[in-house]
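Q: Input file: work-v9.txt. Contents: compact mmCIF, C-alpha atoms.
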# COMPACT_ATOMS: atom_id res chain seq x y z
CA MET A 1 -76.88 -29.77 102.96
CA GLY A 2 -74.72 -29.61 106.09
CA THR A 3 -71.29 -28.39 107.13
CA PRO A 4 -69.25 -31.23 105.49
CA GLN A 5 -70.83 -30.47 102.12
CA ILE A 6 -70.15 -26.74 102.45
CA VAL A 7 -66.54 -27.47 103.45
CA PHE A 8 -66.17 -29.71 100.39
CA LEU A 9 -67.55 -26.99 98.12
CA LEU A 10 -65.14 -24.48 99.66
CA TYR A 11 -62.32 -26.94 98.94
CA GLY A 12 -63.47 -26.97 95.32
CA LEU A 13 -63.74 -23.19 95.31
CA GLN A 14 -60.14 -22.95 96.48
CA TRP A 15 -59.01 -24.99 93.46
CA THR A 16 -61.12 -22.88 91.12
CA ILE A 17 -59.37 -19.76 92.40
CA ILE A 18 -55.92 -21.36 92.22
CA LEU A 19 -56.52 -22.55 88.65
CA ALA A 20 -57.81 -19.14 87.59
CA LEU A 21 -54.88 -17.31 89.21
CA VAL A 22 -52.25 -19.65 87.77
CA ALA A 23 -53.81 -19.45 84.31
CA PHE A 24 -54.16 -15.67 84.51
CA ALA A 25 -50.58 -15.20 85.70
CA GLY A 26 -49.24 -17.58 83.03
CA GLY A 27 -51.55 -16.02 80.45
CA THR A 28 -50.34 -12.52 81.32
CA VAL A 29 -46.71 -13.38 80.61
CA THR A 30 -47.35 -15.45 77.48
CA GLY A 31 -50.15 -13.13 76.33
CA LEU A 32 -47.78 -10.15 76.45
CA ILE A 33 -45.34 -12.07 74.25
CA VAL A 34 -48.16 -12.99 71.86
CA ALA A 35 -49.31 -9.34 71.70
CA LEU A 36 -45.78 -8.10 70.99
CA LEU A 37 -45.22 -10.74 68.30
CA ARG A 38 -48.61 -9.95 66.78
CA THR A 39 -47.75 -6.24 66.53
CA SER A 40 -44.24 -7.01 65.30
CA GLU A 41 -43.04 -5.16 62.21
CA SER A 42 -42.08 -8.45 60.58
CA ARG A 43 -45.05 -9.62 58.54
CA ALA A 44 -44.20 -13.31 58.82
CA VAL A 45 -44.05 -13.20 62.63
CA SER A 46 -47.29 -11.24 62.81
CA ARG A 47 -49.03 -13.69 60.44
CA VAL A 48 -47.94 -16.78 62.37
CA THR A 49 -49.09 -15.23 65.64
CA ALA A 50 -52.41 -14.32 64.06
CA GLY A 51 -52.78 -17.99 63.13
CA TYR A 52 -52.03 -19.02 66.70
CA ILE A 53 -54.72 -16.66 68.00
CA ALA A 54 -57.26 -17.76 65.37
CA LEU A 55 -56.63 -21.40 66.32
CA PHE A 56 -57.57 -20.74 69.94
CA GLN A 57 -60.47 -18.42 69.13
CA GLY A 58 -61.93 -20.86 66.61
CA THR A 59 -61.95 -24.01 68.74
CA PRO A 60 -63.80 -24.85 71.97
CA LEU A 61 -61.93 -24.39 75.23
CA LEU A 62 -62.92 -27.95 76.15
CA MET A 63 -61.10 -29.31 73.07
CA GLN A 64 -58.04 -27.20 73.88
CA LEU A 65 -57.95 -28.76 77.34
CA PHE A 66 -58.38 -32.29 75.95
CA VAL A 67 -55.74 -31.90 73.25
CA VAL A 68 -53.18 -30.25 75.54
CA TYR A 69 -53.87 -32.85 78.22
CA TYR A 70 -53.27 -35.80 75.91
CA ALA A 71 -50.46 -34.12 73.98
CA LEU A 72 -48.51 -33.58 77.21
CA ALA A 73 -49.01 -37.24 78.09
CA LEU A 74 -47.83 -38.28 74.62
CA ALA A 75 -44.77 -36.08 74.98
CA GLY A 76 -43.88 -38.23 77.97
CA LEU A 77 -44.39 -35.52 80.58
CA ARG A 78 -45.68 -36.91 83.83
CA LEU A 79 -47.83 -34.12 85.19
CA GLU A 80 -50.54 -34.03 87.79
CA ALA A 81 -54.03 -33.36 86.47
CA TRP A 82 -54.16 -29.78 87.74
CA GLN A 83 -50.81 -28.96 86.14
CA ALA A 84 -51.87 -30.27 82.75
CA VAL A 85 -55.15 -28.37 82.99
CA ALA A 86 -53.36 -25.19 84.11
CA ILE A 87 -51.09 -25.40 81.04
CA GLY A 88 -54.17 -25.74 78.83
CA PHE A 89 -55.82 -22.69 80.42
CA THR A 90 -52.55 -20.72 80.18
CA LEU A 91 -52.30 -21.32 76.43
CA HIS A 92 -55.96 -20.40 76.04
CA ALA A 93 -55.44 -17.19 78.02
CA SER A 94 -52.27 -16.33 76.08
CA ALA A 95 -54.22 -16.24 72.81
CA TYR A 96 -57.19 -14.24 74.13
CA LEU A 97 -55.12 -11.79 76.18
CA GLY A 98 -52.68 -11.49 73.28
CA GLU A 99 -55.53 -10.44 71.00
CA ILE A 100 -56.98 -8.00 73.56
CA TRP A 101 -53.59 -6.40 74.11
CA ARG A 102 -52.80 -6.27 70.41
CA GLY A 103 -55.89 -4.11 70.07
CA SER A 104 -54.77 -1.89 72.94
CA ILE A 105 -51.23 -1.53 71.60
CA GLU A 106 -52.65 -0.52 68.22
CA ALA A 107 -55.04 1.90 69.93
CA VAL A 108 -52.14 3.93 71.32
CA PRO A 109 -51.88 6.96 68.99
CA ARG A 110 -49.34 6.45 66.22
CA GLY A 111 -47.62 9.73 67.07
CA GLN A 112 -46.47 8.30 70.38
CA VAL A 113 -44.47 5.58 68.63
CA GLU A 114 -43.13 8.07 66.09
CA ALA A 115 -42.10 10.49 68.83
CA ALA A 116 -40.34 7.69 70.70
CA LYS A 117 -38.54 6.68 67.50
CA ALA A 118 -37.57 10.30 66.86
CA LEU A 119 -36.03 10.35 70.33
CA SER A 120 -34.09 7.24 69.20
CA LEU A 121 -35.58 5.03 71.86
CA GLY A 122 -34.94 1.36 71.08
CA TYR A 123 -37.77 -1.16 70.74
CA PHE A 124 -37.56 -2.33 74.37
CA TRP A 125 -37.68 1.14 75.94
CA ARG A 126 -40.22 2.39 73.42
CA MET A 127 -42.56 -0.42 74.45
CA LYS A 128 -41.79 -0.38 78.17
CA ASP A 129 -41.85 3.36 78.77
CA VAL A 130 -44.13 4.75 76.07
CA VAL A 131 -46.54 2.28 74.47
CA LEU A 132 -47.33 -0.36 77.11
CA PRO A 133 -48.19 1.99 80.01
CA GLN A 134 -50.84 3.60 77.82
CA ALA A 135 -51.95 0.30 76.29
CA ILE A 136 -52.49 -1.29 79.71
CA ARG A 137 -54.84 1.51 80.68
CA ILE A 138 -56.87 1.04 77.50
CA SER A 139 -56.96 -2.73 77.86
CA LEU A 140 -58.02 -2.89 81.51
CA PRO A 141 -61.82 -3.27 81.06
CA ALA A 142 -61.45 -6.01 78.42
CA THR A 143 -58.77 -7.76 80.48
CA ILE A 144 -61.05 -7.87 83.52
CA GLY A 145 -63.84 -9.14 81.28
CA PHE A 146 -61.59 -11.95 80.14
CA LEU A 147 -60.62 -12.77 83.72
CA VAL A 148 -64.32 -13.36 84.44
CA GLN A 149 -64.51 -15.61 81.34
CA LEU A 150 -61.45 -17.47 82.59
CA ILE A 151 -62.86 -18.04 86.08
CA LYS A 152 -66.05 -19.40 84.53
CA GLY A 153 -63.97 -21.41 82.07
CA THR A 154 -62.09 -23.23 84.84
CA SER A 155 -65.36 -25.11 85.44
CA LEU A 156 -64.47 -27.15 82.33
CA ALA A 157 -61.65 -28.77 84.32
CA ALA A 158 -64.54 -30.69 85.91
CA ILE A 159 -65.19 -32.49 82.60
CA VAL A 160 -61.53 -33.51 82.40
CA GLY A 161 -61.99 -35.00 85.87
CA PHE A 162 -60.33 -32.42 88.09
CA THR A 163 -62.16 -31.57 91.31
CA GLU A 164 -62.78 -27.84 91.38
CA LEU A 165 -65.97 -26.02 92.31
CA ALA A 166 -68.25 -27.31 89.50
CA ARG A 167 -67.17 -30.93 89.99
CA ALA A 168 -67.43 -30.58 93.76
CA GLY A 169 -71.02 -29.47 93.10
CA SER A 170 -71.67 -32.56 90.94
CA ILE A 171 -70.28 -34.84 93.62
CA ILE A 172 -72.42 -33.21 96.32
CA SER A 173 -75.44 -33.39 94.03
CA ASN A 174 -74.85 -37.10 93.39
CA THR A 175 -74.37 -37.98 97.05
CA THR A 176 -77.17 -35.89 98.57
CA TYR A 177 -79.71 -36.19 95.71
CA LYS A 178 -80.33 -32.47 96.07
CA PRO A 179 -79.15 -31.04 92.73
CA LEU A 180 -81.27 -27.91 93.11
CA MET A 181 -79.44 -27.05 96.32
CA ALA A 182 -75.97 -28.18 95.20
CA TYR A 183 -75.92 -26.42 91.83
CA GLY A 184 -77.72 -23.43 93.31
CA VAL A 185 -75.01 -22.93 95.93
CA VAL A 186 -72.24 -23.54 93.37
CA GLY A 187 -73.83 -20.98 91.05
CA ILE A 188 -74.02 -18.43 93.86
CA MET A 189 -70.34 -19.02 94.72
CA TYR A 190 -69.27 -18.37 91.13
CA PHE A 191 -71.54 -15.36 91.02
CA LEU A 192 -70.05 -13.86 94.18
CA ILE A 193 -66.55 -14.02 92.65
CA CYS A 194 -67.42 -12.94 89.13
CA TRP A 195 -70.00 -10.24 89.74
CA PRO A 196 -67.77 -7.74 91.60
CA LEU A 197 -65.14 -8.17 88.87
CA SER A 198 -67.76 -7.56 86.18
CA ILE A 199 -68.97 -4.42 87.93
CA TRP A 200 -65.40 -3.18 88.28
CA GLY A 201 -64.80 -3.80 84.56
CA THR A 202 -67.96 -1.96 83.49
CA ARG A 203 -67.14 0.94 85.79
CA LEU A 204 -63.63 1.32 84.35
CA GLU A 205 -65.04 1.11 80.85
CA ARG A 206 -67.46 3.92 81.58
CA LYS A 207 -64.73 6.01 83.19
CA PHE A 208 -62.42 5.63 80.20
CA ALA A 209 -65.27 6.28 77.79
CA VAL A 210 -65.86 9.62 79.51
CA ALA A 211 -62.13 10.38 79.64
CA THR A 212 -61.61 9.85 75.91
CA ARG A 213 -64.75 11.65 74.79
CA MET B 1 -41.22 -41.06 72.14
CA SER B 2 -42.41 -44.56 71.33
CA TYR B 3 -46.01 -43.65 70.58
CA THR B 4 -47.27 -44.48 67.11
CA PHE B 5 -50.24 -42.53 65.83
CA ASP B 6 -53.19 -44.59 64.69
CA PHE B 7 -55.97 -42.77 62.94
CA THR B 8 -57.92 -45.92 61.99
CA PRO B 9 -60.68 -45.35 64.58
CA VAL B 10 -61.05 -41.76 63.36
CA ILE B 11 -61.24 -42.84 59.72
CA ASN B 12 -63.71 -45.63 60.47
CA GLY B 13 -65.80 -43.32 62.61
CA PHE B 14 -65.69 -40.43 60.15
CA PRO B 15 -69.34 -40.70 59.00
CA THR B 16 -70.45 -40.71 62.66
CA LEU B 17 -68.26 -37.68 63.33
CA LEU B 18 -69.83 -35.84 60.39
CA LEU B 19 -73.28 -36.58 61.83
CA GLY B 20 -71.96 -35.19 65.10
CA CYS B 21 -70.99 -32.00 63.24
CA ILE B 22 -74.56 -31.70 62.00
CA GLY B 23 -75.74 -32.16 65.59
CA THR B 24 -73.39 -29.37 66.69
CA LEU B 25 -74.58 -27.01 63.95
CA TRP B 26 -78.21 -27.80 64.80
CA LEU B 27 -77.58 -27.02 68.48
CA ALA B 28 -75.79 -23.82 67.55
CA LEU B 29 -78.47 -22.57 65.14
CA SER B 30 -81.37 -23.43 67.46
CA GLY B 31 -79.49 -21.87 70.38
CA MET B 32 -78.88 -18.69 68.36
CA THR B 33 -82.52 -18.43 67.32
CA LEU B 34 -83.66 -18.78 70.91
CA ALA B 35 -80.96 -16.32 72.01
CA ILE B 36 -82.21 -13.69 69.54
CA VAL B 37 -85.81 -14.18 70.70
CA ILE B 38 -84.77 -13.88 74.36
CA GLY B 39 -82.49 -10.98 73.48
CA ILE B 40 -85.19 -8.94 71.73
CA GLY B 41 -87.83 -9.83 74.30
CA GLY B 42 -85.43 -8.97 77.10
CA VAL B 43 -84.64 -5.57 75.60
CA VAL B 44 -88.34 -4.73 75.32
CA LEU B 45 -88.91 -5.74 78.97
CA ARG B 46 -85.65 -4.10 80.08
CA ASP B 47 -86.93 -0.70 78.96
CA SER B 48 -90.54 -1.20 80.02
CA HIS B 49 -92.28 1.14 82.43
CA ILE B 50 -92.92 -1.59 84.99
CA LYS B 51 -90.02 -1.46 87.41
CA PRO B 52 -90.07 -5.07 88.73
CA LEU B 53 -89.90 -6.31 85.12
CA ARG B 54 -86.82 -4.19 84.51
CA TRP B 55 -85.17 -5.51 87.66
CA LEU B 56 -86.01 -9.06 86.67
CA VAL B 57 -84.27 -8.66 83.32
CA ILE B 58 -81.22 -7.01 84.92
CA ALA B 59 -81.00 -9.81 87.53
CA PHE B 60 -81.33 -12.44 84.78
CA VAL B 61 -78.56 -10.88 82.69
CA GLU B 62 -76.16 -10.48 85.62
CA LEU B 63 -76.86 -13.98 86.97
CA ILE B 64 -76.29 -15.71 83.63
CA ARG B 65 -73.24 -13.67 82.67
CA ASN B 66 -71.49 -14.31 85.97
CA THR B 67 -71.95 -18.07 86.29
CA PRO B 68 -70.35 -20.81 84.16
CA PHE B 69 -72.31 -22.39 81.32
CA LEU B 70 -71.51 -25.83 82.70
CA VAL B 71 -73.28 -25.05 85.98
CA GLN B 72 -76.24 -23.60 84.06
CA ILE B 73 -76.67 -26.69 81.91
CA TYR B 74 -76.26 -28.98 84.96
CA PHE B 75 -78.87 -26.93 86.75
CA ILE B 76 -81.36 -27.23 83.89
CA PHE B 77 -80.64 -30.93 83.40
CA PHE B 78 -80.41 -32.20 86.99
CA ALA B 79 -82.23 -29.66 89.12
CA LEU B 80 -85.29 -28.77 87.04
CA PRO B 81 -86.69 -32.35 87.10
CA PHE B 82 -87.09 -31.83 90.84
CA MET B 83 -89.34 -28.90 90.01
CA GLY B 84 -91.37 -31.10 87.68
CA ILE B 85 -89.67 -30.08 84.40
CA ARG B 86 -88.03 -33.05 82.73
CA LEU B 87 -86.19 -32.57 79.45
CA ASN B 88 -84.08 -34.75 77.18
CA PRO B 89 -80.37 -33.89 76.77
CA THR B 90 -80.63 -32.19 73.39
CA PRO B 91 -83.58 -29.87 74.24
CA THR B 92 -81.80 -29.14 77.52
CA ALA B 93 -78.70 -28.09 75.62
CA ILE B 94 -80.70 -25.89 73.23
CA ILE B 95 -82.46 -24.15 76.11
CA ALA B 96 -79.22 -23.69 78.04
CA LEU B 97 -77.48 -22.28 74.96
CA GLY B 98 -80.42 -20.01 74.20
CA VAL B 99 -80.68 -18.72 77.77
CA ASN B 100 -76.92 -18.15 78.02
CA GLY B 101 -76.63 -16.54 74.60
CA GLY B 102 -79.83 -14.57 75.27
CA ALA B 103 -78.37 -12.88 78.34
CA TYR B 104 -75.40 -11.64 76.30
CA ALA B 105 -77.70 -10.76 73.39
CA ILE B 106 -79.84 -8.54 75.66
CA GLU B 107 -76.83 -6.41 76.58
CA ILE B 108 -75.56 -6.27 73.00
CA ILE B 109 -78.94 -5.48 71.39
CA ARG B 110 -79.66 -2.88 74.06
CA GLY B 111 -76.44 -1.11 73.11
CA GLY B 112 -77.65 -1.09 69.52
CA VAL B 113 -81.10 0.24 70.40
CA GLN B 114 -79.53 3.05 72.40
CA SER B 115 -77.39 3.97 69.42
CA ILE B 116 -80.53 4.89 67.45
CA ASN B 117 -81.08 8.61 67.22
CA LYS B 118 -83.99 9.77 69.41
CA GLY B 119 -85.29 11.95 66.58
CA GLN B 120 -86.11 8.84 64.56
CA LEU B 121 -88.33 7.50 67.34
CA GLU B 122 -90.08 10.84 67.62
CA ALA B 123 -90.54 10.97 63.86
CA GLY B 124 -92.09 7.51 63.95
CA ARG B 125 -94.47 8.50 66.74
CA ALA B 126 -95.33 11.71 64.89
CA LEU B 127 -96.30 9.63 61.85
CA GLY B 128 -98.82 7.84 64.05
CA LEU B 129 -96.99 4.53 64.50
CA ARG B 130 -97.57 2.65 67.71
CA LYS B 131 -94.62 1.96 70.04
CA GLY B 132 -94.33 -1.65 68.89
CA GLN B 133 -94.37 -0.54 65.28
CA VAL B 134 -91.67 2.04 65.90
CA PHE B 135 -89.49 -0.68 67.42
CA ARG B 136 -90.16 -3.20 64.68
CA LEU B 137 -90.05 -0.90 61.66
CA ILE B 138 -87.59 1.79 62.66
CA VAL B 139 -85.34 0.68 65.48
CA LEU B 140 -84.71 -3.03 65.00
CA LYS B 141 -82.87 -3.25 61.69
CA PRO B 142 -80.40 -0.36 62.12
CA ALA B 143 -79.81 -1.53 65.69
CA LEU B 144 -78.98 -5.06 64.51
CA ARG B 145 -76.73 -3.59 61.83
CA ALA B 146 -74.85 -1.51 64.40
CA ILE B 147 -74.23 -4.44 66.71
CA PHE B 148 -73.62 -7.10 64.09
CA PRO B 149 -69.89 -7.55 64.80
CA SER B 150 -70.38 -8.10 68.54
CA LEU B 151 -73.41 -10.31 67.98
CA ALA B 152 -71.51 -12.39 65.42
CA SER B 153 -68.54 -12.99 67.72
CA GLN B 154 -70.95 -13.88 70.52
CA PHE B 155 -72.59 -16.42 68.21
CA ILE B 156 -69.25 -17.93 67.22
CA LEU B 157 -68.59 -18.31 70.94
CA LEU B 158 -72.01 -19.96 71.29
CA THR B 159 -71.11 -22.40 68.52
CA LEU B 160 -67.94 -23.35 70.40
CA THR B 161 -69.85 -23.58 73.69
CA THR B 162 -72.00 -26.39 72.25
CA SER B 163 -69.11 -28.77 73.04
CA ILE B 164 -69.92 -28.34 76.74
CA ALA B 165 -73.34 -29.87 76.04
CA SER B 166 -71.45 -33.18 75.89
CA ALA B 167 -71.51 -33.00 79.72
CA VAL B 168 -75.19 -33.96 79.59
CA ALA B 169 -74.67 -36.22 76.55
CA ALA B 170 -76.60 -34.05 74.09
CA TYR B 171 -76.21 -35.17 70.48
CA GLU B 172 -73.25 -33.20 69.14
CA LEU B 173 -69.66 -33.65 67.97
CA THR B 174 -67.89 -33.90 71.33
CA SER B 175 -70.31 -36.56 72.62
CA VAL B 176 -69.86 -38.59 69.44
CA ALA B 177 -66.08 -38.23 69.71
CA LYS B 178 -66.20 -39.38 73.33
CA LEU B 179 -67.92 -42.61 72.27
CA ILE B 180 -65.26 -43.30 69.64
CA GLU B 181 -62.52 -42.48 72.15
CA ASN B 182 -64.02 -44.83 74.75
CA GLU B 183 -63.92 -47.72 72.28
CA SER B 184 -60.48 -47.05 70.82
CA PHE B 185 -58.48 -45.19 73.51
CA ARG B 186 -57.01 -43.07 70.71
CA SER B 187 -57.70 -39.87 72.66
CA PHE B 188 -55.22 -37.55 71.00
CA GLU B 189 -56.11 -38.61 67.46
CA VAL B 190 -59.86 -38.32 68.07
CA TYR B 191 -59.81 -34.98 69.88
CA GLY B 192 -57.16 -33.53 67.59
CA THR B 193 -59.33 -34.34 64.58
CA ILE B 194 -62.53 -32.91 65.98
CA THR B 195 -60.68 -29.77 67.09
CA ILE B 196 -59.95 -29.17 63.40
CA MET B 197 -63.61 -29.91 62.63
CA TYR B 198 -64.64 -27.23 65.13
CA LEU B 199 -62.22 -24.82 63.49
CA VAL B 200 -63.86 -25.46 60.12
CA MET B 201 -67.35 -25.12 61.62
CA SER B 202 -66.63 -21.80 63.30
CA TRP B 203 -65.19 -20.57 60.03
CA MET B 204 -68.35 -21.72 58.22
CA MET B 205 -70.51 -20.07 60.87
CA MET B 206 -68.62 -16.81 60.40
CA ASN B 207 -69.27 -16.92 56.66
CA PHE B 208 -72.91 -17.80 57.23
CA LEU B 209 -73.39 -14.85 59.60
CA ASN B 210 -71.66 -12.50 57.15
CA PHE B 211 -73.95 -13.78 54.40
CA MET B 212 -77.05 -13.24 56.57
CA SER B 213 -75.93 -9.72 57.37
CA ARG B 214 -75.42 -8.91 53.69
CA ARG B 215 -78.73 -10.51 52.78
CA TYR B 216 -80.97 -9.10 55.47
CA LEU B 217 -79.22 -6.17 57.12
CA SER B 218 -77.84 -4.24 54.15
CA TYR B 219 -79.52 -1.04 53.02
CA PRO B 220 -82.15 -1.51 50.30
CA VAL B 221 -80.61 -0.57 46.96
CA LYS B 222 -83.93 0.25 45.27
Show how you would write the structure in this file as structure tokens.

A:
Amino acid sequence: MGTPQIVFLLYGLQWTIILALVAFAGGTVTGLIVALLRTSESRAVSRVTAGYIALFQGTPLLMQLFVVYYALALAGLRLEAWQAVAIGFTLHASAYLGEIWRGSIEAVPRGQVEAAKALSLGYFWRMKDVVLPQAIRISLPATIGFLVQLIKGTSLAAIVGFTELARAGSIISNTTYKPLMAYGVVGIMYFLICWPLSIWGTRLERKFAVATR
Amino acid sequence: MSYTFDFTPVINGFPTLLLGCIGTLWLALSGMTLAIVIGIGGVVLRDSHIKPLRWLVIAFVELIRNTPFLVQIYFIFFALPFMGIRLNPTPTAIIALGVNGGAYAIEIIRGGVQSINKGQLEAGRALGLRKGQVFRLIVLKPALRAIFPSLASQFILLTLTTSIASAVAAYELTSVAKLIENESFRSFEVYGTITIMYLVMSWMMMNFLNFMSRRYLSYPVK
């Protein structure tokens, strides 16, 4: 495996990172909405959102990508492959992050919400200034854990036909007939991105576990 | 929108799709069994007195948990033949699922083992049980009970992960669906339908796991 192959893998790596960042950014915004709807005081809203989350947690990510991909095409939207895939990943992330953050919002002690209500803070300020700052802290380890899942998940874009790191590895493997080398290097590249994040997540988890003991 | 839905290929292919579901469930159950074996074995090695063994288990867990399943299954399927190990798609998928699930299971089961009160181990030793017996008779069941929720959600995830095995054409639902799609070009109808099938299967798997936990992990009433 020479320089051109490494350059090609780095090109793939760049798309893996872009996909993960776009999906995480999109998932953060939509996930926050999902979490707020899920913890809404209206039962109907909360139920429907729970259904949305269950739908994404009960089906394979690969199917979500396929269905979103073809549904967007059916809806007449002309999107490039990476855009369609990014929308699929964003929806996936919105459900998982929504569920993680629902848990964190509910983990904020009830008295905090009651105190905010007693001070006649409206819903927006109650969430923005009282509940969410505490919830974010609680949710950080799980959120980082999901980010690692998401980075690994972007490899499925390869099956849809988009050239990111995993598919770049397949192409190199097919052209050089050295799968051991190609997939080995690809694995190491993923590992080098995901491992530091995993360590960071575990460390935060331990820190918070000590803090709340 | 001028598209008209046509579910004929899905309806005609329904028996094949159901067989695909059985393939998926078979992959999932075999993968889970292997994952539990690797998980328990890994925990025993992880806490052994031989340091290199401990490091090996830690390296294995970190490596598997921080690389994508797709790359793992490609590695087993395409790279291992170069090392003289040649496997068919379905065994490849089962091994990949078992190895992947096993790495997560090690961490989860280890958490459960650590939750067991030290006094119970000492009591077991004091009664003259050997270390293996203490693990098997005293630690294992309460540990599994403590970690059941995390293990169950990990196994649901494993069930969903089986769809990635279609990348090496293992016999399961997504592969079968791909064949039907290739003949009919009714992508949305085919994948929409099997998405619902996956939803039903993960729901069934959840019920199955809950049943197993009630059957085998509940306290004896006698």

Q: Give me, as an NGL selection string, the contact residues of chain A against chain B at a cut-off of 9 Å, counting only C-alpha atoms.

A: :A and (54-64 or 66-71 or 74-76 or 148-149 or 151-156 or 159 or 166 or 169-170 or 173 or 178-184 or 186-195 or 198)

Q: At what distance in Å, to one decimal, does CA of Phe89 in chain A lie from CA of Gln134 in chain A?

A: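 Taking CA of Gln134 in chain A and CA of Phe89 in chain A, their separation equals 26.9 Å.
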
Q: Between B:Val37, B:Thr8, B:Ile106, B:Ile22, which is the closest to Ile58 in chain B once you count only C-alpha atoms?

A: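 Looking at the shortest contact to Ile58 in chain B, the residue is B:Ile106.
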
Q: Can you tell me, as a list of chain:residue names, what residues are no more than 7 Å from Thr163 in chain A when counting all atoms listed in the file, ignoring any on the same chain fewer than 5 positions away?

A: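 What passes the distance filter is A:Gly12, A:Ala158, A:Ala168.
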
Q: Counting all atoms listed in the file, figure out which residue out of A:Ile53, A:Val160, A:Val210, A:Met1 gets nearest to Leu91 in chain A.

A: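 So, comparing all the options, the nearest one is A:Ile53.
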
Q: Between A:Arg102, A:Lys128, A:Arg110, A:Arg78, which one has atoms that come closest to Arg38 in chain A, using only C-alpha atoms?

A: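 Selected residue with least distance to Arg38 in chain A: A:Arg102.
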
Q: Which one is closest to Gly31 in chain B: B:Pro15, B:Pro91, B:Gly111, B:Pro149? Count only C-alpha atoms.

A: B:Pro91

Q: For Val130 in chain A, list every protein, DNA or RNA residue within 10 Å, evaluated using only C-alpha atoms, and leave out those in the same chain fewer than 2 positions away; present the list as number ranges by chain.

A: A: 108, 112-113, 115-116, 121, 124-128, 132-135

Q: Using only C-alpha atoms, please write the residues we just selected to a file, as a CSV table (one decimal), in the coordinates of the input.

A:
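Below you can see again07.csv, which holds the result:
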chain,number,residue,atom,x,y,z
A,108,VAL,CA,-52.1,3.9,71.3
A,112,GLN,CA,-46.5,8.3,70.4
A,113,VAL,CA,-44.5,5.6,68.6
A,115,ALA,CA,-42.1,10.5,68.8
A,116,ALA,CA,-40.3,7.7,70.7
A,121,LEU,CA,-35.6,5.0,71.9
A,124,PHE,CA,-37.6,-2.3,74.4
A,125,TRP,CA,-37.7,1.1,75.9
A,126,ARG,CA,-40.2,2.4,73.4
A,127,MET,CA,-42.6,-0.4,74.4
A,128,LYS,CA,-41.8,-0.4,78.2
A,132,LEU,CA,-47.3,-0.4,77.1
A,133,PRO,CA,-48.2,2.0,80.0
A,134,GLN,CA,-50.8,3.6,77.8
A,135,ALA,CA,-52.0,0.3,76.3

Q: If I take CA of Glu99 in chain A and CA of Leu97 in chain B, how far is one from the other in Å, to one decimal?

A: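 Separating CA of Glu99 in chain A from CA of Leu97 in chain B is a distance of 25.3 Å.
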
Q: How far is it from CA of Phe14 in chain B to CA of His92 in chain A, in Å with one decimal?

A: 27.4 Å

Q: With only C-alpha atoms counted, which protein, DNA or RNA residues have an atom no more than 9 Å from (-61.0, -14.0, 77.7) in the file frame? Please answer as number ranges by chain.

A: A: 92-93, 95-97, 100, 142-150

Q: May I have the selected residues written with C-alpha atoms, as a PDB file, in the coordinates of the input?

A:
ATOM      1  CA  HIS A  92     -55.960 -20.400  76.040  1.00  0.00           C
ATOM      2  CA  ALA A  93     -55.440 -17.190  78.020  1.00  0.00           C
ATOM      3  CA  ALA A  95     -54.220 -16.240  72.810  1.00  0.00           C
ATOM      4  CA  TYR A  96     -57.190 -14.240  74.130  1.00  0.00           C
ATOM      5  CA  LEU A  97     -55.120 -11.790  76.180  1.00  0.00           C
ATOM      6  CA  ILE A 100     -56.980  -8.000  73.560  1.00  0.00           C
ATOM      7  CA  ALA A 142     -61.450  -6.010  78.420  1.00  0.00           C
ATOM      8  CA  THR A 143     -58.770  -7.760  80.480  1.00  0.00           C
ATOM      9  CA  ILE A 144     -61.050  -7.870  83.520  1.00  0.00           C
ATOM     10  CA  GLY A 145     -63.840  -9.140  81.280  1.00  0.00           C
ATOM     11  CA  PHE A 146     -61.590 -11.950  80.140  1.00  0.00           C
ATOM     12  CA  LEU A 147     -60.620 -12.770  83.720  1.00  0.00           C
ATOM     13  CA  VAL A 148     -64.320 -13.360  84.440  1.00  0.00           C
ATOM     14  CA  GLN A 149     -64.510 -15.610  81.340  1.00  0.00           C
ATOM     15  CA  LEU A 150     -61.450 -17.470  82.590  1.00  0.00           C
TER      16      LEU A 150
END

Q: If you take every atom of range 53-62 of chain A that the file lists and fit an axis-aligned box around them with 5 Å extra on each side, what centre and edge lengths come out in Å to one decimal, as AutoDock Vina command-line options?

A:
--center_x -59.3 --center_y -22.3 --center_z 70.8 --size_x 19.1 --size_y 21.3 --size_z 20.8

Q: Which residue, B:Pro89, B:Gly119, B:Gly98, B:Gly132, has the smallest gap to Ala165 in chain B when you use all atoms listed in the file?

A: B:Pro89

Q: List as a list in words the protein and nucleic acid residues near Ala143 in chain B, meaning an atom at most 8 Å away when all atoms listed in the file are counted, but skip any in the same chain fewer than 4 places from it.

A: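 Here the answer would be Ile109, Gly112, Val113, Ser115, Ile116, Val139 and Ile147 of chain B.
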
Q: Looking at A:Ile138, A:Ile105, A:Val85, A:Lys207, which one is nearest to Leu72 in chain A, with distances taken over only C-alpha atoms?

A: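 Result for the nearest residue to Leu72 in chain A: A:Val85.
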